[in-house]
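Below is entry11.pdb, holding PDB, C-alpha atoms (C1' of nucleotides).
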```
ATOM      1  CA  MET A   1     -42.792 -12.167 -55.178
ATOM      2  CA  TYR A   2     -41.983 -14.796 -52.625
ATOM      3  CA  GLN A   3     -44.964 -16.781 -51.364
ATOM      4  CA  ARG A   4     -44.834 -16.969 -47.538
ATOM      5  CA  LYS A   5     -44.980 -20.395 -45.962
ATOM      6  CA  ILE A   6     -45.246 -19.074 -42.433
ATOM      7  CA  PRO A   7     -48.409 -16.936 -42.237
ATOM      8  CA  ILE A   8     -48.767 -13.412 -40.904
ATOM      9  CA  ASP A   9     -50.583 -12.718 -37.652
ATOM     10  CA  TYR A  10     -52.936  -9.913 -38.615
ATOM     11  CA  ASN A  11     -53.873  -9.360 -34.992
ATOM     12  CA  CYS A  12     -50.397  -8.237 -34.087
ATOM     13  CA  GLY A  13     -49.787  -4.744 -35.375
ATOM     14  CA  LEU A  14     -46.054  -5.206 -34.980
ATOM     15  CA  ASN A  15     -46.196  -8.295 -37.152
ATOM     16  CA  VAL A  16     -48.156  -6.498 -39.834
ATOM     17  CA  ALA A  17     -45.821  -3.530 -39.816
ATOM     18  CA  MET A  18     -42.765  -5.760 -40.039
ATOM     19  CA  GLU A  19     -44.290  -7.526 -42.994
ATOM     20  CA  VAL A  20     -44.554  -4.384 -45.079
ATOM     21  CA  VAL A  21     -41.580  -2.337 -43.954
ATOM     22  CA  GLY A  22     -39.322  -4.698 -42.053
ATOM     23  CA  SER A  23     -36.488  -5.059 -44.489
ATOM     24  CA  LYS A  24     -33.056  -3.699 -45.016
ATOM     25  CA  TRP A  25     -34.016  -0.963 -47.450
ATOM     26  CA  LYS A  26     -37.670  -0.023 -47.218
ATOM     27  CA  PHE A  27     -37.423   2.535 -44.449
ATOM     28  CA  CYS A  28     -34.525   4.238 -46.208
ATOM     29  CA  LEU A  29     -36.387   4.266 -49.488
ATOM     30  CA  LEU A  30     -39.563   5.737 -48.031
ATOM     31  CA  ASP A  31     -37.475   8.300 -46.224
ATOM     32  CA  GLU A  32     -35.606   9.239 -49.375
ATOM     33  CA  ILE A  33     -38.759   9.460 -51.437
ATOM     34  CA  SER A  34     -40.380  11.659 -48.826
ATOM     35  CA  LYS A  35     -37.396  13.968 -49.164
ATOM     36  CA  GLY A  36     -38.119  14.388 -52.834
ATOM     37  CA  THR A  37     -36.053  11.750 -54.599
ATOM     38  CA  LYS A  38     -38.518  10.162 -56.942
ATOM     39  CA  ARG A  39     -36.850   8.495 -59.844
ATOM     40  CA  PRO A  40     -35.244   5.038 -59.719
ATOM     41  CA  LYS A  41     -31.948   6.278 -61.103
ATOM     42  CA  ASP A  42     -31.772   8.958 -58.418
ATOM     43  CA  LEU A  43     -32.724   6.552 -55.682
ATOM     44  CA  VAL A  44     -29.910   4.198 -56.624
ATOM     45  CA  ASN A  45     -27.502   7.047 -56.134
ATOM     46  CA  ALA A  46     -29.115   8.424 -53.005
ATOM     47  CA  VAL A  47     -29.380   5.190 -51.076
ATOM     48  CA  ASN A  48     -25.899   4.060 -50.252
ATOM     49  CA  GLY A  49     -25.190   0.478 -51.217
ATOM     50  CA  ILE A  50     -28.412  -0.541 -52.883
ATOM     51  CA  THR A  51     -28.240  -2.039 -56.347
ATOM     52  CA  LYS A  52     -30.592  -1.354 -59.187
ATOM     53  CA  ARG A  53     -32.150  -4.793 -59.116
ATOM     54  CA  VAL A  54     -32.813  -4.737 -55.396
ATOM     55  CA  LEU A  55     -34.220  -1.248 -55.649
ATOM     56  CA  GLN A  56     -36.711  -2.328 -58.281
ATOM     57  CA  ASN A  57     -37.813  -5.240 -56.130
ATOM     58  CA  GLN A  58     -38.318  -3.102 -53.066
ATOM     59  CA  LEU A  59     -40.189  -0.431 -54.977
ATOM     60  CA  LYS A  60     -42.429  -3.047 -56.469
ATOM     61  CA  GLU A  61     -43.260  -4.488 -53.074
ATOM     62  CA  LEU A  62     -43.907  -1.095 -51.557
ATOM     63  CA  GLU A  63     -46.197  -0.323 -54.446
ATOM     64  CA  PHE A  64     -47.908  -3.679 -54.139
ATOM     65  CA  HIS A  65     -48.515  -3.071 -50.448
ATOM     66  CA  GLY A  66     -49.938   0.330 -51.194
ATOM     67  CA  LEU A  67     -47.302   2.508 -49.586
ATOM     68  CA  LEU A  68     -46.041   3.875 -52.866
ATOM     69  CA  GLY A  69     -47.658   4.884 -56.107
ATOM     70  CA  LYS A  70     -45.964   5.700 -59.383
ATOM     71  CA  THR A  71     -46.427   7.956 -62.320
ATOM     72  CA  ILE A  72     -45.108   7.086 -65.745
ATOM     73  CA  TYR A  73     -44.241   9.947 -68.049
ATOM     74  CA  THR A  74     -43.991   8.838 -71.620
ATOM     75  CA  GLU A  75     -40.916  10.820 -72.347
ATOM     76  CA  ILE A  76     -37.721   9.652 -73.879
ATOM     77  CA  PRO A  77     -35.717   8.500 -72.093
ATOM     78  CA  LEU A  78     -38.501   7.099 -70.011
ATOM     79  CA  ARG A  79     -39.265   8.896 -66.771
ATOM     80  CA  VAL A  80     -40.951   7.238 -63.821
ATOM     81  CA  GLU A  81     -41.643   8.878 -60.495
ATOM     82  CA  TYR A  82     -42.635   7.200 -57.280
ATOM     83  CA  PHE A  83     -44.611   8.966 -54.570
ATOM     84  CA  LEU A  84     -45.952   8.188 -51.129
ATOM     85  CA  THR A  85     -49.587   7.206 -50.889
ATOM     86  CA  ALA A  86     -51.650   8.233 -47.869
ATOM     87  CA  SER A  87     -50.599   5.032 -46.112
ATOM     88  CA  GLY A  88     -47.005   5.762 -46.916
ATOM     89  CA  GLU A  89     -47.330   9.294 -45.612
ATOM     90  CA  SER A  90     -48.873   8.050 -42.397
ATOM     91  CA  LEU A  91     -45.727   6.117 -41.756
ATOM     92  CA  MET A  92     -43.347   9.019 -42.080
ATOM     93  CA  PRO A  93     -43.522  10.333 -38.513
ATOM     94  CA  LEU A  94     -42.556   6.874 -37.324
ATOM     95  CA  ILE A  95     -39.707   6.576 -39.762
ATOM     96  CA  VAL A  96     -38.341   9.914 -38.675
ATOM     97  CA  ALA A  97     -38.541   8.836 -35.038
ATOM     98  CA  ILE A  98     -36.869   5.493 -35.727
ATOM     99  CA  ASP A  99     -34.096   7.168 -37.663
ATOM    100  CA  LYS A 100     -33.505   9.523 -34.777
ATOM    101  CA  TRP A 101     -33.456   6.679 -32.282
ATOM    102  CA  GLY A 102     -31.033   4.732 -34.452
ATOM    103  CA  LEU A 103     -28.624   7.621 -34.731
ATOM    104  CA  GLU A 104     -28.601   8.041 -30.987
ATOM    105  CA  PHE A 105     -28.092   4.341 -30.482
ATOM    106  CA  ALA A 106     -25.373   3.988 -33.127
ATOM    107  CA  PRO A 107     -22.384   4.731 -30.862
ATOM    108  CA  GLN A 108     -23.539   2.157 -28.352
ATOM    109  CA  LEU A 109     -23.959  -0.486 -31.028
ATOM    110  CA  LYS A 110     -20.619   0.339 -32.581
ATOM    111  CA  LYS A 111     -18.912  -0.030 -29.246
ATOM    112  CA  ILE A 112     -20.567  -3.350 -28.536
ATOM    113  CA  LEU A 113     -19.746  -4.798 -31.922
ATOM    114  CA  GLU A 114     -16.170  -3.629 -31.902
ATOM    115  CA  THR A 115     -15.473  -5.016 -28.461
ATOM    116  CA  GLU A 116     -16.402  -8.622 -29.253
ATOM    117  CA  ASP A 117     -13.367 -10.049 -30.996
TER     118      ASP A 117
ATOM    119  CA  MET B   1     -24.271 -15.338 -33.114
ATOM    120  CA  TYR B   2     -24.034 -14.955 -36.853
ATOM    121  CA  GLN B   3     -21.080 -12.904 -38.068
ATOM    122  CA  ARG B   4     -22.272 -10.346 -40.675
ATOM    123  CA  LYS B   5     -20.597 -10.336 -44.050
ATOM    124  CA  ILE B   6     -22.358  -7.220 -45.255
ATOM    125  CA  PRO B   7     -21.466  -4.378 -42.868
ATOM    126  CA  ILE B   8     -23.799  -1.980 -41.103
ATOM    127  CA  ASP B   9     -23.974   1.678 -42.078
ATOM    128  CA  TYR B  10     -23.679   3.433 -38.729
ATOM    129  CA  ASN B  11     -24.509   6.760 -40.333
ATOM    130  CA  CYS B  12     -27.993   5.654 -41.222
ATOM    131  CA  GLY B  13     -30.169   5.594 -38.138
ATOM    132  CA  LEU B  14     -32.691   3.430 -39.911
ATOM    133  CA  ASN B  15     -30.016   0.884 -40.691
ATOM    134  CA  VAL B  16     -28.836   0.831 -37.107
ATOM    135  CA  ALA B  17     -32.346   0.448 -35.759
ATOM    136  CA  MET B  18     -33.118  -2.360 -38.175
ATOM    137  CA  GLU B  19     -29.984  -4.149 -37.080
ATOM    138  CA  VAL B  20     -31.036  -4.363 -33.450
ATOM    139  CA  VAL B  21     -34.807  -4.664 -33.669
ATOM    140  CA  GLY B  22     -35.585  -5.539 -37.258
ATOM    141  CA  SER B  23     -36.601  -9.142 -36.881
ATOM    142  CA  LYS B  24     -39.742 -11.157 -36.707
ATOM    143  CA  TRP B  25     -39.954 -11.313 -32.921
ATOM    144  CA  LYS B  26     -37.986  -8.561 -31.241
ATOM    145  CA  PHE B  27     -40.643  -5.858 -31.255
ATOM    146  CA  CYS B  28     -43.207  -8.293 -29.872
ATOM    147  CA  LEU B  29     -40.829  -9.439 -27.187
ATOM    148  CA  LEU B  30     -39.915  -5.958 -26.042
ATOM    149  CA  ASP B  31     -43.575  -5.068 -26.037
ATOM    150  CA  GLU B  32     -44.483  -8.102 -23.991
ATOM    151  CA  ILE B  33     -41.683  -7.550 -21.514
ATOM    152  CA  SER B  34     -42.704  -3.933 -21.094
ATOM    153  CA  LYS B  35     -46.165  -5.184 -20.203
ATOM    154  CA  GLY B  36     -44.737  -7.194 -17.359
ATOM    155  CA  THR B  37     -44.035 -10.629 -18.792
ATOM    156  CA  LYS B  38     -40.519 -11.337 -17.639
ATOM    157  CA  ARG B  39     -39.771 -15.010 -17.523
ATOM    158  CA  PRO B  40     -38.853 -17.112 -20.563
ATOM    159  CA  LYS B  41     -41.539 -19.677 -19.887
ATOM    160  CA  ASP B  42     -44.175 -16.947 -19.732
ATOM    161  CA  LEU B  43     -42.868 -15.270 -22.858
ATOM    162  CA  VAL B  44     -43.150 -18.507 -24.821
ATOM    163  CA  ASN B  45     -46.800 -18.638 -23.891
ATOM    164  CA  ALA B  46     -47.480 -14.950 -24.370
ATOM    165  CA  VAL B  47     -45.910 -14.574 -27.787
ATOM    166  CA  ASN B  48     -48.009 -16.522 -30.214
ATOM    167  CA  GLY B  49     -46.004 -18.916 -32.355
ATOM    168  CA  ILE B  50     -42.517 -18.457 -30.996
ATOM    169  CA  THR B  51     -40.595 -21.536 -29.944
ATOM    170  CA  LYS B  52     -38.412 -21.859 -26.920
ATOM    171  CA  ARG B  53     -35.202 -22.042 -28.906
ATOM    172  CA  VAL B  54     -35.949 -18.996 -31.007
ATOM    173  CA  LEU B  55     -37.011 -17.088 -27.918
ATOM    174  CA  GLN B  56     -33.713 -17.786 -26.214
ATOM    175  CA  ASN B  57     -31.814 -16.610 -29.256
ATOM    176  CA  GLN B  58     -33.753 -13.398 -29.521
ATOM    177  CA  LEU B  59     -33.437 -12.660 -25.819
ATOM    178  CA  LYS B  60     -29.733 -13.252 -26.008
ATOM    179  CA  GLU B  61     -29.337 -10.845 -28.903
ATOM    180  CA  LEU B  62     -31.454  -8.187 -27.254
ATOM    181  CA  GLU B  63     -29.350  -8.556 -24.137
ATOM    182  CA  PHE B  64     -26.147  -8.455 -26.157
ATOM    183  CA  HIS B  65     -27.258  -5.267 -27.864
ATOM    184  CA  GLY B  66     -28.091  -3.726 -24.543
ATOM    185  CA  LEU B  67     -31.847  -3.447 -24.865
ATOM    186  CA  LEU B  68     -32.547  -6.051 -22.220
ATOM    187  CA  GLY B  69     -30.960  -6.999 -18.931
ATOM    188  CA  LYS B  70     -31.647 -10.059 -16.853
ATOM    189  CA  THR B  71     -31.755 -11.045 -13.253
ATOM    190  CA  ILE B  72     -31.090 -14.583 -12.123
ATOM    191  CA  TYR B  73     -32.742 -15.700  -8.919
ATOM    192  CA  THR B  74     -31.096 -18.771  -7.483
ATOM    193  CA  GLU B  75     -34.318 -20.458  -6.598
ATOM    194  CA  ILE B  76     -35.424 -23.925  -7.472
ATOM    195  CA  PRO B  77     -36.724 -24.288 -10.054
ATOM    196  CA  LEU B  78     -34.484 -21.636 -11.477
ATOM    197  CA  ARG B  79     -36.075 -18.248 -12.013
ATOM    198  CA  VAL B  80     -34.786 -15.728 -14.545
ATOM    199  CA  GLU B  81     -36.351 -12.388 -15.278
ATOM    200  CA  TYR B  82     -35.640 -10.098 -18.170
ATOM    201  CA  PHE B  83     -36.157  -6.354 -18.010
ATOM    202  CA  LEU B  84     -35.822  -3.374 -20.307
ATOM    203  CA  THR B  85     -32.671  -1.301 -19.981
ATOM    204  CA  ALA B  86     -32.766   2.449 -20.489
ATOM    205  CA  SER B  87     -32.130   1.925 -24.199
ATOM    206  CA  GLY B  88     -34.918  -0.595 -24.310
ATOM    207  CA  GLU B  89     -37.260   1.769 -22.542
ATOM    208  CA  SER B  90     -36.408   4.561 -24.951
ATOM    209  CA  LEU B  91     -37.708   2.396 -27.750
ATOM    210  CA  MET B  92     -41.094   1.728 -26.244
ATOM    211  CA  PRO B  93     -42.919   4.822 -27.499
ATOM    212  CA  LEU B  94     -41.866   3.862 -31.008
ATOM    213  CA  ILE B  95     -42.968   0.290 -30.601
ATOM    214  CA  VAL B  96     -46.349   1.399 -29.362
ATOM    215  CA  ALA B  97     -46.712   3.711 -32.343
ATOM    216  CA  ILE B  98     -45.653   1.040 -34.809
ATOM    217  CA  ASP B  99     -48.059  -1.456 -33.301
ATOM    218  CA  LYS B 100     -50.857   1.046 -33.616
ATOM    219  CA  TRP B 101     -49.958   1.791 -37.224
ATOM    220  CA  GLY B 102     -49.807  -1.912 -38.022
ATOM    221  CA  LEU B 103     -53.227  -2.577 -36.576
ATOM    222  CA  GLU B 104     -54.708   0.217 -38.634
ATOM    223  CA  PHE B 105     -52.975  -1.052 -41.746
ATOM    224  CA  ALA B 106     -53.873  -4.709 -41.203
ATOM    225  CA  PRO B 107     -57.220  -4.683 -43.044
ATOM    226  CA  GLN B 108     -55.612  -3.108 -46.089
ATOM    227  CA  LEU B 109     -52.821  -5.667 -46.133
ATOM    228  CA  LYS B 110     -55.225  -8.525 -45.638
ATOM    229  CA  LYS B 111     -57.297  -7.351 -48.552
ATOM    230  CA  ILE B 112     -54.305  -6.999 -50.820
ATOM    231  CA  LEU B 113     -52.919 -10.408 -49.982
ATOM    232  CA  GLU B 114     -56.222 -12.175 -50.314
ATOM    233  CA  THR B 115     -56.966 -10.645 -53.685
ATOM    234  CA  GLU B 116     -53.822 -11.889 -55.450
ATOM    235  CA  ASP B 117     -54.553 -15.460 -56.418
TER     236      ASP B 117
ATOM    237  C1'  DT C   1     -24.598   1.198 -87.006
ATOM    238  C1'  DC C   2     -22.973   1.986 -82.282
ATOM    239  C1'  DA C   3     -23.270   3.910 -77.934
ATOM    240  C1'  DT C   4     -26.141   6.144 -74.281
ATOM    241  C1'  DA C   5     -29.889   6.870 -70.862
ATOM    242  C1'  DC C   6     -33.652   4.916 -68.541
ATOM    243  C1'  DA C   7     -36.806   1.455 -66.537
ATOM    244  C1'  DG C   8     -37.434  -3.078 -65.966
ATOM    245  C1'  DT C   9     -37.090  -8.499 -65.692
ATOM    246  C1'  DG C  10     -35.301 -13.623 -65.253
ATOM    247  C1'  DA C  11     -32.433 -16.885 -63.301
ATOM    248  C1'  DT C  12     -29.503 -17.970 -59.845
ATOM    249  C1'  DA C  13     -26.423 -17.728 -55.887
ATOM    250  C1'  DA C  14     -25.186 -15.975 -51.445
ATOM    251  C1'  DA C  15     -26.355 -14.177 -47.060
ATOM    252  C1'  DT C  16     -29.200 -14.101 -43.228
ATOM    253  C1'  DT C  17     -32.907 -15.391 -40.145
ATOM    254  C1'  DA C  18     -35.955 -18.673 -38.096
ATOM    255  C1'  DA C  19     -37.410 -23.312 -37.035
ATOM    256  C1'  DT C  20     -36.629 -28.282 -35.492
ATOM    257  C1'  DC C  21     -35.086 -31.674 -32.625
ATOM    258  C1'  DA C  22     -32.417 -33.604 -29.375
ATOM    259  C1'  DC C  23     -29.879 -32.769 -25.778
ATOM    260  C1'  DC C  24     -27.603 -30.919 -20.571
ATOM    261  C1'  DA C  25     -28.073 -29.331 -15.737
ATOM    262  C1'  DT C  26     -30.277 -28.550 -11.013
ATOM    263  C1'  DA C  27     -33.125 -29.890  -7.325
ATOM    264  C1'  DA C  28     -37.720 -31.222  -5.746
ATOM    265  C1'  DT C  29     -41.186 -34.684  -5.336
ATOM    266  C1'  DG C  30     -43.306 -39.298  -5.344
TER     267       DG C  30
ATOM    268  C1'  DC D   1     -35.076 -44.341  -9.669
ATOM    269  C1'  DA D   2     -38.513 -41.754 -12.655
ATOM    270  C1'  DT D   3     -40.772 -37.483 -13.334
ATOM    271  C1'  DT D   4     -41.416 -32.534 -13.273
ATOM    272  C1'  DA D   5     -40.232 -27.584 -13.767
ATOM    273  C1'  DT D   6     -36.994 -24.138 -15.508
ATOM    274  C1'  DG D   7     -33.436 -22.265 -18.220
ATOM    275  C1'  DG D   8     -30.317 -23.211 -21.527
ATOM    276  C1'  DT D   9     -27.257 -25.038 -25.692
ATOM    277  C1'  DG D  10     -25.533 -27.556 -30.215
ATOM    278  C1'  DA D  11     -26.178 -29.141 -34.661
ATOM    279  C1'  DT D  12     -28.783 -29.005 -38.554
ATOM    280  C1'  DT D  13     -32.241 -27.747 -41.886
ATOM    281  C1'  DA D  14     -35.771 -24.762 -43.813
ATOM    282  C1'  DA D  15     -37.403 -20.329 -44.927
ATOM    283  C1'  DT D  16     -36.667 -15.867 -46.401
ATOM    284  C1'  DT D  17     -34.238 -11.913 -47.985
ATOM    285  C1'  DT D  18     -30.450  -9.715 -50.682
ATOM    286  C1'  DA D  19     -27.143  -9.646 -54.121
ATOM    287  C1'  DT D  20     -25.154 -10.683 -58.872
ATOM    288  C1'  DC D  21     -25.122 -10.825 -63.606
ATOM    289  C1'  DA D  22     -26.894 -10.783 -67.854
ATOM    290  C1'  DC D  23     -30.418  -9.615 -70.342
ATOM    291  C1'  DT D  24     -34.894  -6.794 -72.960
ATOM    292  C1'  DG D  25     -36.902  -2.548 -74.984
ATOM    293  C1'  DT D  26     -37.435   2.376 -76.570
ATOM    294  C1'  DA D  27     -35.788   6.365 -78.711
ATOM    295  C1'  DT D  28     -31.944   9.658 -79.272
ATOM    296  C1'  DG D  29     -27.730  11.460 -80.986
ATOM    297  C1'  DA D  30     -22.837  10.680 -82.867
TER     298       DA D  30
END
```

So, in terms of structure tokens, how does the structure I just supplied come out?
Amino acid sequence: MYQRKIPIDYNCGLNVAMEVVGSKWKFCLLDEISKGTKRPKDLVNAVNGITKRVLQNQLKELEFHGLLGKTIYTEIPLRVEYFLTASGESLMPLIVAIDKWGLEFAPQLKKILETED
Amino acid sequence: MYQRKIPIDYNCGLNVAMEVVGSKWKFCLLDEISKGTKRPKDLVNAVNGITKRVLQNQLKELEFHGLLGKTIYTEIPLRVEYFLTASGESLMPLIVAIDKWGLEFAPQLKKILETED
DNA sequence: TCATACAGTGATAAATTAATCACCATAATG
DNA sequence: CATTATGGTGATTAATTTATCACTGTATGA
């Protein structure tokens, strides 16, 4: 994992939150996992546009930060399932609210971005 | 402003939200402005670590996306004040919640990051 | 033996965001 | 004229995040 050169400000909750979930895919992944999609191969399909490699990276970070846990079933072919930890769960209400806000804001953003030519 | 090469998915609220507020400083800035800090020079002081140049960029983007508005007073020295638009205001409850979550999560993150040597 | 499904990694490049540093402009003040 | 306060920009580099592509490994079934 990348070793930060610019340190985190632990006294700013917003900073801390951004550090662990402020990326292109993490919110979507947590959301999808909370909806019941647990296996990597299913997540790749469920999350539009993400690639396998990027997915693995994001899952690893989320696990490292303690928002996700995983269970390995020694079946063949191998089965791995990710799940939300308590910390991950505690984030869900926020994710739902952000998603809702984003959907409401989408038309406005679309309009703004399409106007500037 | 940078012209995206990888397009936004307007159907994913989380994606949309990340596009407009998913950056190192935006949440902090909106938070600070909502608390009454309005002028650039005061924001530079209030937001720990941000530089003048970066501040101006972030303010410009927030204004462009319609989360902030600004008033120019033709005084000398020049006085400019930023304020939250309705869209910006609608985001505040979320920002407060995220900040709170981040503060609660901070000790856990600190521990994790300090352990890995 | 060859192909398939699944999870995962290494090396590298491309995209994106943030930081640096040096500037411009206005008008007041000494 | 030199300095100060305020807001702002341009060019460039550094930092960070995402994406690509090619692999490894296990066991199964054709």

**OP:** Evaluate the PyMOL selection byres ((chain A) within 6 of (chain B)) here and jot the selected residues down as a list in words.
**Re:** Tyr10, Gly13, Leu14, Val16, Ala17, Asp99, Gly102, Leu103 and Ala106 of chain A

Writing out the chosen residues with C-alpha atoms as a PDB file, in the frame of the given file:
```pdb
ATOM      1  CA  TYR A  10     -52.936  -9.913 -38.615  1.00  0.00           C
ATOM      2  CA  GLY A  13     -49.787  -4.744 -35.375  1.00  0.00           C
ATOM      3  CA  LEU A  14     -46.054  -5.206 -34.980  1.00  0.00           C
ATOM      4  CA  VAL A  16     -48.156  -6.498 -39.834  1.00  0.00           C
ATOM      5  CA  ALA A  17     -45.821  -3.530 -39.816  1.00  0.00           C
ATOM      6  CA  ASP A  99     -34.096   7.168 -37.663  1.00  0.00           C
ATOM      7  CA  GLY A 102     -31.033   4.732 -34.452  1.00  0.00           C
ATOM      8  CA  LEU A 103     -28.624   7.621 -34.731  1.00  0.00           C
ATOM      9  CA  ALA A 106     -25.373   3.988 -33.127  1.00  0.00           C
TER      10      ALA A 106
END
```

**OP:** Expand the PyMOL selection byres ((chain D) within 9 of (chain B)) into the individual residues it matches in the shown file, reporting them as a PyMOL selection string.
**Re:** chain D and resi 5-8

**OP:** Identify all chain C residues at most 9 Å from chain B by counting all atoms listed in the file; ligands do not count. Present them as number ranges by chain.
**Re:** C: 15-19, 26-28

**OP:** Could you please determine the separation between atom CA of Phe83 of chain A and atom CA of Met1 of chain A in Å, to one decimal place?
**Re:** 21.2 Å

**OP:** Identify which of the residues A:Gln58, A:Thr115, A:Ser34, A:Thr71 lies closest to DT18 of chain D, counting all atoms listed in the file when measuring atom-to-atom distances.
**Re:**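 Once distances to DT18 of chain D are computed over all atoms listed in the file, the minimum belongs to A:Gln58.
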
Subject >> atom CA of Leu84 of chain B to atom CA of Lys70 of chain B, straight-line distance in Å >> reply: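 Between atom CA of Lys70 of chain B and atom CA of Leu84 of chain B the gap is 8.6 Å.
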
**OP:** Convert the output of the PyMOL selection byres ((chain D and resi 30) around 10) on the shown file into explicit residues, formatted as a ChimeraX atom specification.
**Re:** /C:2-3 /D:28-29

**OP:** Could you tell me how far atom CA of Gly88 of chain A lies from atom CA of Leu62 of chain A, in Å and to one decimal?
**Re:** 8.8 Å

**OP:** Around the point (-34.7, -31.6, -35.9) in the file's coordinates, collect all residues with an atom within 10 Å, using all atoms listed in the file, and return them as a ChimeraX atom specification.
**Re:** /C:19-22 /D:11-13
